>>> print(open('work.cif').read())   # mmCIF, C-alpha atoms
data_run
#
loop_
_atom_site.group_PDB
_atom_site.id
_atom_site.type_symbol
_atom_site.label_atom_id
_atom_site.label_comp_id
_atom_site.auth_asym_id
_atom_site.auth_seq_id
_atom_site.Cartn_x
_atom_site.Cartn_y
_atom_site.Cartn_z
ATOM 1 C CA MET A 1 120.285 68.615 60.355
ATOM 2 C CA PHE A 2 122.413 65.747 61.652
ATOM 3 C CA LYS A 3 119.350 63.506 61.851
ATOM 4 C CA ALA A 4 118.065 64.601 58.435
ATOM 5 C CA GLN A 5 121.391 63.808 56.791
ATOM 6 C CA THR A 6 121.575 60.484 58.649
ATOM 7 C CA ASP A 7 118.201 59.429 57.249
ATOM 8 C CA ALA A 8 118.780 60.772 53.716
ATOM 9 C CA PRO A 9 119.584 58.568 50.698
ATOM 10 C CA GLY A 10 123.337 58.500 50.170
ATOM 11 C CA SER A 11 124.069 59.240 53.850
ATOM 12 C CA ILE A 12 127.593 58.677 55.106
ATOM 13 C CA ILE A 13 125.936 56.674 57.908
ATOM 14 C CA SER A 14 125.281 53.297 56.296
ATOM 15 C CA ASP A 15 122.933 50.678 57.732
ATOM 16 C CA ASP A 16 125.972 48.466 58.297
ATOM 17 C CA LEU A 17 127.652 51.208 60.358
ATOM 18 C CA LYS A 18 124.468 51.722 62.410
ATOM 19 C CA THR A 19 124.399 48.004 63.171
ATOM 20 C CA LYS A 20 128.087 47.955 64.107
ATOM 21 C CA ALA A 21 127.583 50.962 66.408
ATOM 22 C CA ILE A 22 124.794 49.216 68.298
ATOM 23 C CA ALA A 23 126.821 45.997 68.543
ATOM 24 C CA ALA A 24 129.818 47.961 69.883
ATOM 25 C CA ALA A 25 128.018 49.131 73.057
ATOM 26 C CA GLY A 26 130.472 48.682 75.918
ATOM 27 C CA SER A 27 133.459 48.416 73.562
ATOM 28 C CA SER A 28 135.290 50.601 71.042
ATOM 29 C CA LEU A 29 134.204 51.375 67.485
ATOM 30 C CA GLN A 30 136.604 52.307 64.694
ATOM 31 C CA VAL A 31 135.831 53.289 61.111
ATOM 32 C CA PRO A 32 138.251 52.856 58.179
ATOM 33 C CA VAL A 33 138.970 56.027 56.192
ATOM 34 C CA ILE A 34 141.299 56.984 53.351
ATOM 35 C CA ASP A 35 143.698 59.927 53.524
ATOM 36 C CA TYR A 36 143.597 62.752 51.010
ATOM 37 C CA ASP A 37 146.180 62.358 48.249
ATOM 38 C CA ALA A 38 147.716 65.706 47.324
ATOM 39 C CA GLY A 39 150.024 64.181 44.719
ATOM 40 C CA VAL A 40 147.473 62.979 42.159
ATOM 41 C CA GLN A 41 148.753 63.333 38.615
ATOM 42 C CA VAL A 42 147.129 62.882 35.228
ATOM 43 C CA THR A 43 149.687 63.001 32.417
ATOM 44 C CA ASN A 44 149.497 63.829 28.725
ATOM 45 C CA GLN A 45 150.618 60.539 27.187
ATOM 46 C CA THR A 46 149.455 57.300 25.568
ATOM 47 C CA ILE A 47 148.927 54.098 27.557
ATOM 48 C CA PRO A 48 152.305 52.839 28.861
ATOM 49 C CA LEU A 49 153.354 49.215 28.761
ATOM 50 C CA VAL A 50 153.836 49.125 32.537
ATOM 51 C CA VAL A 51 151.206 50.740 34.764
ATOM 52 C CA THR A 52 152.437 52.176 38.059
ATOM 53 C CA ASP A 53 150.325 52.123 41.187
ATOM 54 C CA SER A 54 148.652 55.027 42.955
ATOM 55 C CA ALA A 55 148.498 53.677 46.488
ATOM 56 C CA SER A 56 145.970 54.862 49.065
ATOM 57 C CA THR A 57 146.788 55.421 52.717
ATOM 58 C CA SER A 58 144.094 54.263 55.109
ATOM 59 C CA GLN A 59 143.490 54.977 58.772
ATOM 60 C CA LEU A 60 141.199 53.746 61.524
ATOM 61 C CA VAL A 61 139.279 56.579 63.177
ATOM 62 C CA SER A 62 137.824 55.974 66.631
ATOM 63 C CA ILE A 63 134.200 57.025 67.134
ATOM 64 C CA THR A 64 133.466 58.829 70.401
ATOM 65 C CA PHE A 65 130.013 58.454 71.939
ATOM 66 C CA THR A 66 128.379 60.795 74.449
ATOM 67 C CA HIS A 67 125.875 59.284 76.891
ATOM 68 C CA TYR A 68 122.543 60.962 77.623
ATOM 69 C CA TYR A 69 120.384 59.736 80.492
ATOM 70 C CA PHE A 70 117.401 61.083 82.376
ATOM 71 C CA GLY A 71 114.887 59.466 84.683
ATOM 72 C CA PHE A 72 112.159 60.147 87.226
ATOM 73 C CA LEU A 73 109.677 58.497 89.585
ATOM 74 C CA ILE A 74 105.892 58.525 89.608
ATOM 75 C CA HIS A 75 103.911 57.726 92.773
ATOM 76 C CA PRO A 76 100.333 56.901 91.652
ATOM 77 C CA ALA A 77 98.737 57.169 95.101
ATOM 78 C CA ALA A 78 100.058 60.733 95.479
ATOM 79 C CA HIS A 79 97.569 61.706 92.759
ATOM 80 C CA PHE A 80 94.589 59.910 94.334
ATOM 81 C CA ASN A 81 92.967 63.151 95.558
ATOM 82 C CA ASN A 82 95.204 65.597 93.722
ATOM 83 C CA GLU A 83 94.272 68.316 91.244
ATOM 84 C CA ILE A 84 97.380 67.335 89.241
ATOM 85 C CA SER A 85 96.689 64.039 87.478
ATOM 86 C CA MET A 86 99.318 61.314 87.262
ATOM 87 C CA GLN A 87 99.473 61.679 83.479
ATOM 88 C CA ARG A 88 99.986 65.436 83.726
ATOM 89 C CA ASP A 89 102.786 64.916 86.252
ATOM 90 C CA PHE A 90 104.386 62.303 83.989
ATOM 91 C CA ASN A 91 104.186 64.613 80.964
ATOM 92 C CA ALA A 92 105.687 67.554 82.853
ATOM 93 C CA LYS A 93 108.604 65.517 84.191
ATOM 94 C CA PHE A 94 109.235 63.836 80.847
ATOM 95 C CA GLU A 95 109.085 66.985 78.711
ATOM 96 C CA LYS A 96 111.385 69.118 80.855
ATOM 97 C CA LYS A 97 113.997 66.356 80.873
ATOM 98 C CA MET A 98 113.641 65.698 77.140
ATOM 99 C CA TYR A 99 114.049 69.365 76.236
ATOM 100 C CA ALA A 100 117.116 69.613 78.492
ATOM 101 C CA MET A 101 118.622 66.616 76.691
ATOM 102 C CA ALA A 102 117.766 68.128 73.300
ATOM 103 C CA LYS A 103 119.595 71.319 74.289
ATOM 104 C CA MET A 104 122.670 69.303 75.253
ATOM 105 C CA MET A 105 122.542 67.442 71.932
ATOM 106 C CA ASP A 106 122.125 70.695 70.018
ATOM 107 C CA ASP A 107 125.191 72.144 71.740
ATOM 108 C CA ALA A 108 127.208 68.996 70.999
ATOM 109 C CA ALA A 109 126.189 69.058 67.319
ATOM 110 C CA LEU A 110 127.258 72.704 67.045
ATOM 111 C CA ALA A 111 130.571 71.877 68.723
ATOM 112 C CA ALA A 112 131.138 69.113 66.157
ATOM 113 C CA LEU A 113 130.508 71.558 63.307
ATOM 114 C CA GLU A 114 132.785 74.127 64.925
ATOM 115 C CA ALA A 115 135.609 71.576 65.193
ATOM 116 C CA SER A 116 135.314 70.552 61.542
ATOM 117 C CA LYS A 117 134.767 73.950 59.879
ATOM 118 C CA THR A 118 136.932 74.698 56.874
ATOM 119 C CA GLN A 119 140.330 76.331 57.306
ATOM 120 C CA VAL A 120 140.561 76.969 53.576
ATOM 121 C CA LEU A 121 138.691 79.446 51.381
ATOM 122 C CA GLY A 122 139.262 78.637 47.731
ATOM 123 C CA ASP A 123 137.504 81.704 46.301
ATOM 124 C CA THR A 124 136.976 85.059 48.031
ATOM 125 C CA LEU A 125 134.566 86.050 45.226
ATOM 126 C CA GLY A 126 136.679 88.956 44.083
ATOM 127 C CA GLY A 127 137.917 89.890 47.544
ATOM 128 C CA ARG A 128 134.426 90.431 48.989
ATOM 129 C CA TYR A 129 134.969 87.788 51.663
ATOM 130 C CA ALA A 130 137.780 87.046 54.084
ATOM 131 C CA LEU A 131 138.589 83.956 56.132
ATOM 132 C CA THR A 132 139.149 85.284 59.643
ATOM 133 C CA SER A 133 139.813 82.746 62.427
ATOM 134 C CA ASN A 134 138.378 80.143 60.041
ATOM 135 C CA VAL A 135 135.106 82.051 59.670
ATOM 136 C CA ILE A 136 134.056 83.316 56.239
ATOM 137 C CA VAL A 137 133.092 86.919 56.964
ATOM 138 C CA GLY A 138 131.087 89.148 54.642
ATOM 139 C CA PRO A 139 131.027 92.933 55.203
ATOM 140 C CA LEU A 140 127.839 94.656 56.311
ATOM 141 C CA ALA A 141 127.556 96.313 52.908
ATOM 142 C CA GLU A 142 127.178 92.838 51.370
ATOM 143 C CA GLN A 143 124.758 91.494 53.983
ATOM 144 C CA ASP A 144 121.972 90.753 51.497
ATOM 145 C CA ALA A 145 124.406 88.943 49.205
ATOM 146 C CA VAL A 146 125.983 86.757 51.915
ATOM 147 C CA VAL A 147 123.116 84.265 52.022
ATOM 148 C CA GLY A 148 123.097 83.845 48.250
ATOM 149 C CA ASP A 149 126.888 83.638 48.112
ATOM 150 C CA ILE A 150 126.993 80.581 50.375
ATOM 151 C CA ASN A 151 126.626 78.399 47.284
ATOM 152 C CA PRO A 152 129.519 79.884 45.259
ATOM 153 C CA LEU A 153 131.669 80.027 48.400
ATOM 154 C CA MET A 154 131.092 76.299 48.927
ATOM 155 C CA ALA A 155 131.644 75.682 45.203
ATOM 156 C CA GLY A 156 134.951 77.554 45.468
ATOM 157 C CA ASN A 157 135.975 74.849 47.933
ATOM 158 C CA ASP A 158 134.768 72.152 45.478
ATOM 159 C CA PHE A 159 131.543 71.312 47.323
ATOM 160 C CA PHE A 160 128.418 71.329 45.209
ATOM 161 C CA GLY A 161 124.809 70.187 45.288
ATOM 162 C CA ASN A 162 122.288 70.729 48.073
ATOM 163 C CA ILE A 163 123.501 72.827 50.989
ATOM 164 C CA HIS A 164 122.121 72.634 54.522
ATOM 165 C CA VAL A 165 122.424 75.829 56.557
ATOM 166 C CA VAL A 166 122.307 75.871 60.366
ATOM 167 C CA ALA A 167 121.664 79.495 61.323
ATOM 168 C CA ASN A 168 121.173 81.452 64.527
ATOM 169 C CA GLY A 169 118.301 83.782 65.344
ATOM 170 C CA SER A 170 120.152 86.796 63.998
ATOM 171 C CA MET A 171 120.527 85.158 60.601
ATOM 172 C CA GLU A 172 116.877 84.063 60.641
ATOM 173 C CA SER A 173 115.828 87.642 61.398
ATOM 174 C CA HIS A 174 118.001 88.879 58.538
ATOM 175 C CA ILE A 175 116.373 86.435 56.131
ATOM 176 C CA ARG A 176 112.840 87.217 57.268
ATOM 177 C CA ASN A 177 113.153 90.988 57.343
ATOM 178 C CA ARG A 178 115.513 91.701 54.458
ATOM 179 C CA LEU A 179 115.097 88.820 52.013
ATOM 180 C CA LEU A 180 111.666 87.231 52.439
ATOM 181 C CA GLU A 181 109.948 90.579 52.004
ATOM 182 C CA LYS A 182 111.645 90.998 48.629
ATOM 183 C CA GLY A 183 109.960 88.208 46.724
ATOM 184 C CA GLN A 184 108.897 87.465 43.197
ATOM 185 C CA PHE A 185 106.612 90.444 42.611
ATOM 186 C CA ASN A 186 108.735 93.090 44.319
ATOM 187 C CA SER A 187 111.058 95.538 42.610
ATOM 188 C CA GLU A 188 113.935 93.442 43.985
ATOM 189 C CA ASP A 189 113.503 89.647 43.874
ATOM 190 C CA LYS A 190 115.894 88.049 46.354
ATOM 191 C CA GLN A 191 114.238 84.632 46.675
ATOM 192 C CA TYR A 192 117.146 82.930 44.930
ATOM 193 C CA GLN A 193 119.422 83.806 47.815
ATOM 194 C CA TYR A 194 117.592 81.619 50.340
ATOM 195 C CA ASN A 195 115.150 79.253 48.618
ATOM 196 C CA ASP A 196 117.781 76.877 47.206
ATOM 197 C CA LYS A 197 119.024 75.804 50.637
ATOM 198 C CA ILE A 198 117.751 73.519 53.415
ATOM 199 C CA TRP A 199 117.400 75.671 56.534
ATOM 200 C CA HIS A 200 117.727 74.749 60.204
ATOM 201 C CA PHE A 201 117.697 77.233 63.084
ATOM 202 C CA THR A 202 119.133 77.084 66.585
ATOM 203 C CA ASN A 203 119.343 79.300 69.656
ATOM 204 C CA GLY A 204 122.706 77.776 70.543
ATOM 205 C CA LEU A 205 124.869 79.453 67.897
ATOM 206 C CA ALA A 206 126.246 82.735 69.231
ATOM 207 C CA ASN A 207 127.620 85.585 67.168
ATOM 208 C CA GLY A 208 131.332 86.154 67.502
ATOM 209 C CA ALA A 209 132.871 89.542 68.205
ATOM 210 C CA GLY A 210 132.164 91.920 65.335
ATOM 211 C CA HIS A 211 129.503 89.658 63.764
ATOM 212 C CA LYS A 212 125.758 90.375 63.510
ATOM 213 C CA ALA A 213 124.588 86.992 62.135
ATOM 214 C CA THR A 214 126.154 83.533 61.917
ATOM 215 C CA ALA A 215 125.521 80.188 60.225
ATOM 216 C CA PHE A 216 127.146 76.897 59.310
ATOM 217 C CA ALA A 217 126.887 75.754 55.696
ATOM 218 C CA VAL A 218 127.118 71.981 55.271
ATOM 219 C CA GLN A 219 127.116 69.954 52.085
ATOM 220 C CA SER A 220 124.418 67.269 51.949
ATOM 221 C CA ASN A 221 125.461 63.790 53.124
ATOM 222 C CA ALA A 222 128.501 65.164 54.924
ATOM 223 C CA VAL A 223 127.451 64.632 58.561
ATOM 224 C CA GLY A 224 125.364 62.170 60.538
ATOM 225 C CA LEU A 225 124.474 60.581 63.854
ATOM 226 C CA LEU A 226 125.305 57.180 65.296
ATOM 227 C CA GLN A 227 123.356 55.878 68.283
ATOM 228 C CA GLN A 228 123.949 53.168 70.852
ATOM 229 C CA PHE A 229 121.519 51.657 73.341
ATOM 230 C CA ALA A 230 121.891 49.442 76.378
ATOM 231 C CA PRO A 231 122.054 45.792 75.247
ATOM 232 C CA ASP A 232 119.010 44.917 77.360
ATOM 233 C CA CYS A 233 117.018 47.598 75.512
ATOM 234 C CA VAL A 234 118.121 46.192 72.147
ATOM 235 C CA MET A 235 117.162 42.686 73.287
ATOM 236 C CA GLY A 236 113.840 43.832 74.764
ATOM 237 C CA ASN A 237 114.468 41.946 77.988
ATOM 238 C CA ARG A 238 111.840 41.467 80.705
ATOM 239 C CA THR A 239 111.749 40.299 84.304
ATOM 240 C CA HIS A 240 108.761 39.967 86.623
ATOM 241 C CA LYS A 241 108.851 43.744 87.229
ATOM 242 C CA HIS A 242 111.525 45.183 84.923
ATOM 243 C CA LEU A 243 111.181 46.147 81.260
ATOM 244 C CA TRP A 244 113.742 47.283 78.689
ATOM 245 C CA ASP A 245 112.806 48.552 75.243
ATOM 246 C CA ILE A 246 113.501 51.124 72.529
ATOM 247 C CA GLU A 247 110.836 53.765 71.900
ATOM 248 C CA THR A 248 110.627 56.846 69.677
ATOM 249 C CA LEU A 249 110.863 60.198 71.424
ATOM 250 C CA PRO A 250 107.995 62.553 70.601
ATOM 251 C CA ILE A 251 108.892 65.885 68.962
ATOM 252 C CA LEU A 252 112.545 64.849 68.496
ATOM 253 C CA ASN A 253 111.412 61.751 66.558
ATOM 254 C CA MET A 254 114.502 59.817 67.657
ATOM 255 C CA PRO A 255 114.794 56.332 69.153
ATOM 256 C CA ILE A 256 115.839 56.086 72.780
ATOM 257 C CA GLY A 257 116.376 53.237 75.215
ATOM 258 C CA VAL A 258 113.713 52.868 77.918
ATOM 259 C CA TYR A 259 114.007 51.102 81.285
ATOM 260 C CA GLN A 260 110.975 50.735 83.563
ATOM 261 C CA TYR A 261 110.180 49.015 86.861
ATOM 262 C CA ASP A 262 107.928 49.462 89.897
ATOM 263 C CA ASP A 263 108.477 48.986 93.614
ATOM 264 C CA ALA A 264 106.955 49.635 97.015
ATOM 265 C CA VAL A 265 108.435 52.545 98.980
ATOM 266 C CA ASP A 266 107.767 54.703 102.014
ATOM 267 C CA GLY A 267 106.267 57.834 100.454
ATOM 268 C CA SER A 268 105.263 59.590 103.665
ATOM 269 C CA ALA A 269 107.861 62.338 103.171
ATOM 270 C CA LEU A 270 107.154 62.997 99.484
ATOM 271 C CA HIS A 271 104.809 65.968 99.816
ATOM 272 C CA GLY A 272 104.719 66.920 103.476
ATOM 273 C CA ALA A 273 101.434 66.440 105.272
ATOM 274 C CA ALA A 274 99.637 65.616 101.999
ATOM 275 C CA SER A 275 101.517 62.323 101.705
ATOM 276 C CA ALA A 276 102.061 61.491 105.385
ATOM 277 C CA HIS A 277 99.643 58.552 105.081
ATOM 278 C CA LEU A 278 101.591 56.942 102.214
ATOM 279 C CA THR A 279 103.844 54.863 104.440
ATOM 280 C CA ALA A 280 103.769 52.016 101.938
ATOM 281 C CA THR A 281 103.009 53.034 98.376
ATOM 282 C CA LYS A 282 103.748 52.130 94.795
ATOM 283 C CA ALA A 283 106.579 53.859 92.907
ATOM 284 C CA GLU A 284 107.020 53.636 89.150
ATOM 285 C CA ALA A 285 110.526 54.287 87.769
ATOM 286 C CA TYR A 286 111.156 55.505 84.219
ATOM 287 C CA ALA A 287 114.646 55.820 82.730
ATOM 288 C CA PHE A 288 115.667 56.979 79.252
ATOM 289 C CA HIS A 289 119.132 56.589 77.744
ATOM 290 C CA HIS A 290 121.098 56.550 74.520
ATOM 291 C CA ALA A 291 124.649 57.279 73.450
ATOM 292 C CA VAL A 292 125.274 59.504 70.432
ATOM 293 C CA ALA A 293 128.256 60.114 68.171
ATOM 294 C CA TYR A 294 128.273 63.187 65.931
ATOM 295 C CA ILE A 295 129.969 62.222 62.673
ATOM 296 C CA THR A 296 131.606 64.954 60.599
ATOM 297 C CA PRO A 297 133.723 64.706 57.407
ATOM 298 C CA TYR A 298 137.121 63.087 57.815
ATOM 299 C CA ASN A 299 139.891 65.397 56.633
ATOM 300 C CA SER A 300 143.487 64.197 56.724
ATOM 301 C CA ALA A 301 144.865 67.606 55.696
ATOM 302 C CA PRO A 302 142.572 70.307 57.185
ATOM 303 C CA VAL A 303 145.138 73.107 56.809
ATOM 304 C CA THR A 304 145.396 72.660 53.047
ATOM 305 C CA ARG A 305 142.206 70.809 52.091
ATOM 306 C CA ALA A 306 138.786 72.444 52.455
ATOM 307 C CA SER A 307 136.067 70.923 54.610
ATOM 308 C CA ALA A 308 132.446 70.303 53.633
ATOM 309 C CA VAL A 309 131.498 72.442 56.659
ATOM 310 C CA ALA A 310 131.936 76.230 56.506
ATOM 311 C CA LYS A 311 131.171 78.849 59.134
ATOM 312 C CA VAL A 312 129.786 82.058 57.642
ATOM 313 C CA ALA A 313 129.113 85.393 59.337
ATOM 314 C CA ILE A 314 127.903 88.878 58.475
ATOM 315 C CA ALA A 315 130.091 91.610 59.971
ATOM 316 C CA THR A 316 128.678 94.510 61.962
ATOM 317 C CA THR A 317 130.644 96.966 59.812
#
>>> encode(input="work.cif", output="structure tokens")
Amino acid sequence: MFKAQTDAPGSIISDDLKTKAIAAAGSSLQVPVIDYDAGVQVTNQTIPLVVTDSASTSQLVSITFTHYYFGFLIHPAAHFNNEISMQRDFNAKFEKKMYAMAKMMDDAALAALEASKTQVLGDTLGGRYALTSNVIVGPLAEQDAVVGDINPLMAGNDFFGNIHVVANGSMESHIRNRLLEKGQFNSEDKQYQYNDKIWHFTNGLANGAGHKATAFAVQSNAVGLLQQFAPDCVMGNRTHKHLWDIETLPILNMPIGVYQYDDAVDGSALHGAASAHLTATKAEAYAFHHAVAYITPYNSAPVTRASAVAKVAIATT
């Protein structure tokens, strides 16, 4: 979801901000923002002779980046008479590291949503919903309505338009087994409750105590990702045996910095007796790195002003 909103038209992550983030590698990055004005007034009068100002208060918000690195070695000669090919070994090492990084990024994205979830509920829809520990909770009796009510709940907080929903497995199961089966030609058509949203699912979002399903609802163009790479990767530098570059990760479809080199090492202890003869052998080193900042909506008055991120849950009772 963070990546989709980053790449979408109208994203809060502008091309200029992406460029500044990359240029800020090794230094700090701050973004100017404007505070919410709770004292806005529109009066019932004709145009006055003297117009008074309505000043804005601005701030500089520091962007925090998290570094992600993984690397491994390949020894080509170790695969000379081996049932496991060098490419298969490379793929196995790369994929397990990439998936571990993706899990860490998923957890960090969820933590960012958790930190920015709304503390205000503008409309309880007739008392059917309650804001408990900053989670909008619907009773079990309303479980089929909760998904559809995400839109009016967000609208009650003055957030409209397309809504992204990041849901856990429990919510996905609820949608599949209680809503999807009640489609257009059934006695109960509940398609409207889910088909007007952009869905994302994660294993990292746990249900809280007393909840059977959980999700985050996020207005479009409210969140995004900023990335940084090592300067040498951005510059594409080369030496006689070192290479820096930026490549696109498969599956995740995200850019990442790449650092490669080769060397000669004593590989006799790599695999016991099978590699005892590799006293001088080639080693190929592969390193992957980027730094990521998870951008969520700035809110200068979170206690009184709703956020574009809402956490929603279905109660067990």
>>> axis_aligned_box(input="work.cif", around="range 137-154 of chain A", padding_each_side="6 Å", output="AutoDock Vina command-line options")
--center_x 127.5 --center_y 86.3 --center_z 51.1 --size_x 23.1 --size_y 32.0 --size_z 23.7
>>> residues_around(input="work.cif", residues="Lys212 in chain A", least_positions_apart="2", cutoff="6 Å", atoms="only C-alpha atoms", output="list in words")
Ile314, Ala315 and Thr316 of chain A
>>> closest_residue(input="work.cif", among="A:Phe229, A:Tyr286, A:Tyr259, A:Phe201", to="Lys97 in chain A", atoms="all atoms listed in the file")
A:Tyr286
>>> residues_around(input="work.cif", residues="range 23-36 of chain A", least_positions_apart="2", cutoff="7 Å", atoms="all atoms listed in the file", output="list in words")
Thr19, Lys20, Ala21, Ala38, Ser56, Thr57, Ser58, Gln59, Leu60, Val61, Ser62, Ile63, Gln228, Phe229, Ala230, Ser300 and Ala301 of chain A
>>> residues_around(input="work.cif", residues="range 131-141 of chain A", least_positions_apart="6", cutoff="10 Å", atoms="all atoms listed in the file", output="list of chain:residue names")
A:Glu114, A:Lys117, A:Thr118, A:Gln119, A:Val120, A:Leu121, A:Gly122, A:Thr124, A:Val147, A:Asp149, A:Ile150, A:Leu153, A:Gly208, A:Gly210, A:His211, A:Lys212, A:Ala213, A:Thr214, A:Ala215, A:Phe216, A:Ala310, A:Lys311, A:Val312, A:Ala313, A:Ile314, A:Ala315, A:Thr316, A:Thr317
>>> write_last_selection(input="work.cif", atoms="C-alpha atoms", output="PDB file, in the coordinates of the input")
ATOM      1  CA  GLU A 114     132.785  74.127  64.925  1.00  0.00           C
ATOM      2  CA  LYS A 117     134.767  73.950  59.879  1.00  0.00           C
ATOM      3  CA  THR A 118     136.932  74.698  56.874  1.00  0.00           C
ATOM      4  CA  GLN A 119     140.330  76.331  57.306  1.00  0.00           C
ATOM      5  CA  VAL A 120     140.561  76.969  53.576  1.00  0.00           C
ATOM      6  CA  LEU A 121     138.691  79.446  51.381  1.00  0.00           C
ATOM      7  CA  GLY A 122     139.262  78.637  47.731  1.00  0.00           C
ATOM      8  CA  THR A 124     136.976  85.059  48.031  1.00  0.00           C
ATOM      9  CA  VAL A 147     123.116  84.265  52.022  1.00  0.00           C
ATOM     10  CA  ASP A 149     126.888  83.638  48.112  1.00  0.00           C
ATOM     11  CA  ILE A 150     126.993  80.581  50.375  1.00  0.00           C
ATOM     12  CA  LEU A 153     131.669  80.027  48.400  1.00  0.00           C
ATOM     13  CA  GLY A 208     131.332  86.154  67.502  1.00  0.00           C
ATOM     14  CA  GLY A 210     132.164  91.920  65.335  1.00  0.00           C
ATOM     15  CA  HIS A 211     129.503  89.658  63.764  1.00  0.00           C
ATOM     16  CA  LYS A 212     125.758  90.375  63.510  1.00  0.00           C
ATOM     17  CA  ALA A 213     124.588  86.992  62.135  1.00  0.00           C
ATOM     18  CA  THR A 214     126.154  83.533  61.917  1.00  0.00           C
ATOM     19  CA  ALA A 215     125.521  80.188  60.225  1.00  0.00           C
ATOM     20  CA  PHE A 216     127.146  76.897  59.310  1.00  0.00           C
ATOM     21  CA  ALA A 310     131.936  76.230  56.506  1.00  0.00           C
ATOM     22  CA  LYS A 311     131.171  78.849  59.134  1.00  0.00           C
ATOM     23  CA  VAL A 312     129.786  82.058  57.642  1.00  0.00           C
ATOM     24  CA  ALA A 313     129.113  85.393  59.337  1.00  0.00           C
ATOM     25  CA  ILE A 314     127.903  88.878  58.475  1.00  0.00           C
ATOM     26  CA  ALA A 315     130.091  91.610  59.971  1.00  0.00           C
ATOM     27  CA  THR A 316     128.678  94.510  61.962  1.00  0.00           C
ATOM     28  CA  THR A 317     130.644  96.966  59.812  1.00  0.00           C
TER      29      THR A 317
END
>>> closest_residue(input="work.cif", among="A:Asp262, A:Glu284, A:Asp107, A:Asp7", to="Asn221 in chain A", atoms="only C-alpha atoms")
A:Asp7
>>> atom_distance(input="work.cif", atom1="CA of Asn253 in chain A", atom2="CA of Leu225 in chain A")
13.4 Å
>>> closest_residue(input="work.cif", among="A:Val218, A:Ala55, A:Leu270, A:Tyr129", to="Gly39 in chain A", atoms="all atoms listed in the file")
A:Ala55
>>> closest_residue(input="work.cif", among="A:Ala287, A:Ala155, A:Ile47, A:Ala280", to="Trp244 in chain A", atoms="only C-alpha atoms")
A:Ala287
>>> atom_distance(input="work.cif", atom1="CA of Phe90 in chain A", atom2="CA of Leu278 in chain A")
19.2 Å
>>> resolve_selection(input="work.cif", expression="the PyMOL selection byres ((chain A and resi 8) around 12)", output="JSON, numbers by chain")
{"A": [1, 2, 3, 4, 5, 6, 7, 9, 10, 11, 12, 13, 14, 15, 162, 220, 221, 222, 223, 224, 225]}
>>> atom_distance(input="work.cif", atom1="CA of Leu125 in chain A", atom2="CA of Ile198 in chain A")
22.5 Å
>>> closest_residue(input="work.cif", among="A:Ala115, A:Ala276, A:Leu249, A:Val50", to="Ile295 in chain A", atoms="all atoms listed in the file")
A:Ala115
>>> closest_residue(input="work.cif", among="A:Phe80, A:Phe288, A:Tyr294, A:Phe65", to="Phe94 in chain A", atoms="all atoms listed in the file")
A:Phe288
>>> resolve_selection(input="work.cif", expression="the PyMOL selection byres ((chain A and resi 279) around 9)", output="list in words")
Val265, Asp266, Gly267, Ser268, Ala269, Ser275, Ala276, His277, Leu278, Ala280 and Thr281 of chain A
